[in-house]
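Colleague: Quick one: this structure, given as structure tokens, is what I'll be asking you about.
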Amino acid sequence: MFKFNLQHFAAGNVVHTSNGIANSNTGEVASYGEAGGLSNEMKTYYSDYLIDMAEPKLVHDQFGQKCTIPKNGGKTIEFRKYDPLPKMTTPLVEGVTPDGQKMELGVVRAEVKQYGGFIELSDILMLAAIDNNLVQATKLLGGQAGRTLDAITREVLCGGTNVQFAEGQVASRSLLTGGKESGNHYLTVDSIRRAVRYIKKMNAETINGSYVGIIHPDTAYDLMSDPKWINVKTYSDPEGIYQGEIGKIENVRFVESSEAKVIHAEDLCKESRNLTVSSYSTLSAAENATHGEGTLYKLVVEEALTEEDASRLVDATIQLGVEDSIEVLSVGGVDVENKALYLNAEPVNAPSKGDVLYPGEAGFKGCDVYITLIIGDNAYGTTEISGGGLQHIVKQLGSAGSADPLNQRATAGWKATKAAVRLVEPYMIRIETASTFGN
């Protein structure tokens with residue numbers, strides 16, 4: 001940790017980039033001494049500190065193709081892939097030249113966008129606070145930058161077309177179960193084997209000799225209880241472990257991250273996670289006329305509803321739990337005063353008084369669903385514009401000119417350009433499961 005004089009914020013704007021430190025007004029490289037602002041040593045320290053804070057969270061970026069768009073080269077990048085040629089099993093005829101073949105080129109495009117955030121530091125805070133506020137601000141910004149950039153890639157990867165529900169026992173997310181005495185759909189060795197079998201059949205190449213799995217700590221707990229688990233400490237090559245790597249099984253090296261995607265169902269109302277059916281009926285012709293065309297169905301619930309609940313429930317997906325079965329219902333309207341939900345379609349199983357409605361975005365009866373990604377080489381790519389990678393930006397007291405006439409505000413922030421895209425869908429698969437620790 002370096003000591004510094006807080007009054008060094010008194011002049012100049014400083015932008016920290018991977019290419020050096022540039023004056024934010026002129027874009028020219030400048031040198032700031034002790035009289036003019038933060039020293040070069042301090043600027044480098046804070047810039048490196050922000051990047052160090054951000055990088056450990058970028059787990060989802062570790063295993064994709066990394067291509068940079070040249071400066072002034074536009075915002076869109078094309079990743080190109082040639083399709084494999086078919087087998088040639090027909091024997092050649094003596095003296096006859098066969099027909100030639102054409103290369104089939106597939107193109108995947110991604111558009112770079114810019115992201116960023118900043119913290120405002122007042123002059124009083126900087127003068128009176130005991131803590132080193134620039135250090136604390138940089139730490140918080142680094143964490144924010146890392147989580148943001150990681151989440152952008154994560155959401156792209158988790159939107160892939162190939163999905164496996166646990167070991168394949170169920171056909172949809174809404175049937176994944178957790179928290180029961182038996183029959184839970186947790187992450188197991190067999191679920192990993194099935195996923196690896198799939199990407200092997202698709203001829204996905206390994207990454208440094210193994211496939212990669214990105215896993216949440218909750219599902220890692222379920223998987224690591226298996227006696228066949230290989231802990232990272234037993235590796236013969238400890239120097240080559242990935243950031244966050246915890247172990248290996250079925251030739252998949254697992255990288256653990258709390259940022260691995262968890263699908264959490266929102267509470268159905270302010271008072272309760274679930275709703276209880278009070279009555280169910282088909283609307284009369286007169287009632288139907290006030291709620292739109294077509295036959296509608298009315299569910300009255302026991303819990304009080306607010307306008308906020310109503311806005312969330314309209315067009316929401318909810319589950320009707322009848323014994324051990326689940327039916328997904330779609331809510332088309334809500335009557336807050338009468339605690340009524342209007343359904344777009346008639347339920348297969350007519351609800352009865354006392355039946356429970358659960359959040360429908362996640363698993364069985366609203367339990368959390370965890371996504372574990374199994375990835376082969378060249379499954380996805382990430383890009384940024386050259387010179388537009390993660391930047392740390394400090395604007396000192398007085399830098400805003402007439403917009404800050406009393407020199408009351410300084411800021412520290414970050415920005416970055418980023419895009420992520422799935423390149424070859426068959427080279428990756430997501431496993432959706434419940435977990436011992438899911439809600």
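The way I read the labels, and the way they are meant: chains A, B, ... in the order of the structure tokens, residue 1 as the first residue of every chain, and ligand 1 as the first ligand shown, with later ones counted on from there.
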Please report, as JSON, numbers by chain, each residue of stretch 27-122 of chain A to which DSSP assigns strand (DSSP E) when run on this structure's backbone.
Modeller: {"A": [65, 66, 67, 68, 69, 76, 77, 78, 79, 80, 81, 82, 105, 106, 107, 108, 109, 110, 111, 113, 114, 115, 116, 117, 118, 119, 120, 121, 122]}
Colleague: Identify, on the basis of only C-alpha atoms, every residue whose closest approach to stretch 178-190 of chain A does not exceed 6 Å; exclude the query and any residue fewer than 3 positions from it along the same chain; express the result as a list in words.
Modeller: Ala166, Arg193, Leu223, Thr433, Ala434 and Ser435 of chain A
Colleague: Keeping only N, CA and C atoms, write the selected residues to a file as a short mmCIF file (atom, residue, chain, number, x, y, z; two decimals), in the first residue's frame.
Modeller:
```cif
data_model
loop_
_atom_site.label_atom_id
_atom_site.label_comp_id
_atom_site.auth_asym_id
_atom_site.auth_seq_id
_atom_site.Cartn_x
_atom_site.Cartn_y
_atom_site.Cartn_z
N ALA A 166 -30.25 -32.52 -15.10
CA ALA A 166 -29.66 -33.49 -14.17
C ALA A 166 -29.09 -34.67 -14.95
N ARG A 193 -20.87 -37.37 -16.87
CA ARG A 193 -20.55 -38.35 -17.92
C ARG A 193 -21.45 -38.16 -19.14
N LEU A 223 -21.23 -32.47 -5.95
CA LEU A 223 -20.38 -33.31 -6.79
C LEU A 223 -19.17 -33.84 -6.04
N THR A 433 -29.51 -28.38 -12.63
CA THR A 433 -29.81 -29.25 -11.49
C THR A 433 -30.34 -28.41 -10.34
N ALA A 434 -30.89 -29.09 -9.36
CA ALA A 434 -31.15 -28.49 -8.05
C ALA A 434 -29.89 -28.66 -7.21
N SER A 435 -29.94 -28.22 -5.96
CA SER A 435 -28.80 -28.38 -5.08
C SER A 435 -29.25 -28.57 -3.63
#
```
Colleague: Which neighbours of stretch 262-273 of chain A fall inside 9 Å, counting only C-alpha atoms, when residues of the same chain fewer than 2 positions from it are skipped, and could you give them as a ChimeraX atom specification?
Modeller: /A:216,259-260,275,303-306,308-310,312-313,318,357-363,366-371,438-439
Colleague: Hey, what's within 9 Å of A:Arg154 if we count only C-alpha atoms and toss same-chain stuff fewer than 5 positions away? As a list of chain:residue names, please?
Modeller: A:Val59, A:His60, A:Asp61, A:Leu149, A:Gly159, A:Glu259, A:Ala260, A:Lys261, A:Ala420
Colleague: Could you tell me how far atom CA of A:Asn231 sits from atom CA of A:Val196, in Å to one decimal place?
Modeller: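 The value is 19.0 Å.
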Colleague: Would you kindly return, as a list in words, each protein, DNA or RNA residue with an atom no farther than 7 Å from any atom of A:Leu320, considering only C-alpha atoms and excluding same-chain residues fewer than 4 positions away?
Modeller: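 With the cut-off at 7 Å, the set is Ile326, Glu327, Val328, Leu329, Val356, Leu357 and Tyr358 of chain A.
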Colleague: So, with only C-alpha atoms as the atoms that count, which of A:Ser402, A:Ala419, A:Arg253, A:Ser172 lies closest to A:Asp150?
Modeller: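 Using only C-alpha atoms, A:Asp150 sits closest to A:Ala419.
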Colleague: Of the candidates A:Gln62, A:Gln319, A:Asn132, A:Thr276, which shows the shortest atom-to-atom distance to A:Leu175, using only C-alpha atoms?
Modeller: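 Smallest distance to A:Leu175 is found for A:Gln319.
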Colleague: What gap, in Å, lies between atom CA of A:Gly247 and atom CA of A:Val212?
Modeller: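 So the two atoms, atom CA of A:Gly247 and atom CA of A:Val212, lie 10.4 Å apart.
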Colleague: Smallest atom-to-atom distance to A:Leu390: which of A:Cys67, A:Leu343, A:Ala145, A:Ile429, using only C-alpha atoms?
Modeller: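 Of the candidates, the smallest distance to A:Leu390 is held by A:Ala145.
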Colleague: Tell me which protein, DNA and RNA residues are within 6 Å of A:Asp377, counting only C-alpha atoms, leaving out same-chain ones fewer than 2 positions away, and put them as a PyMOL selection string.
Modeller: chain A and resi 205-207+379
Colleague: Go ahead and save the picked residues with C-alpha atoms, as a PDB file, in the first residue's frame.
Modeller:
```
ATOM      1  CA  GLU A 205     -11.652 -30.606 -28.831  1.00  0.00           C
ATOM      2  CA  THR A 206     -10.323 -30.385 -25.283  1.00  0.00           C
ATOM      3  CA  ILE A 207      -8.717 -27.298 -23.762  1.00  0.00           C
ATOM      4  CA  ALA A 379     -17.093 -23.127 -28.183  1.00  0.00           C
TER       5      ALA A 379
END
```
Colleague: Could you check how far atom CA of A:Gly387 sits from atom CA of A:Lys75, in Å to one decimal?
Modeller: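 Computed distance, atom CA of A:Gly387 to atom CA of A:Lys75, equals 12.9 Å.
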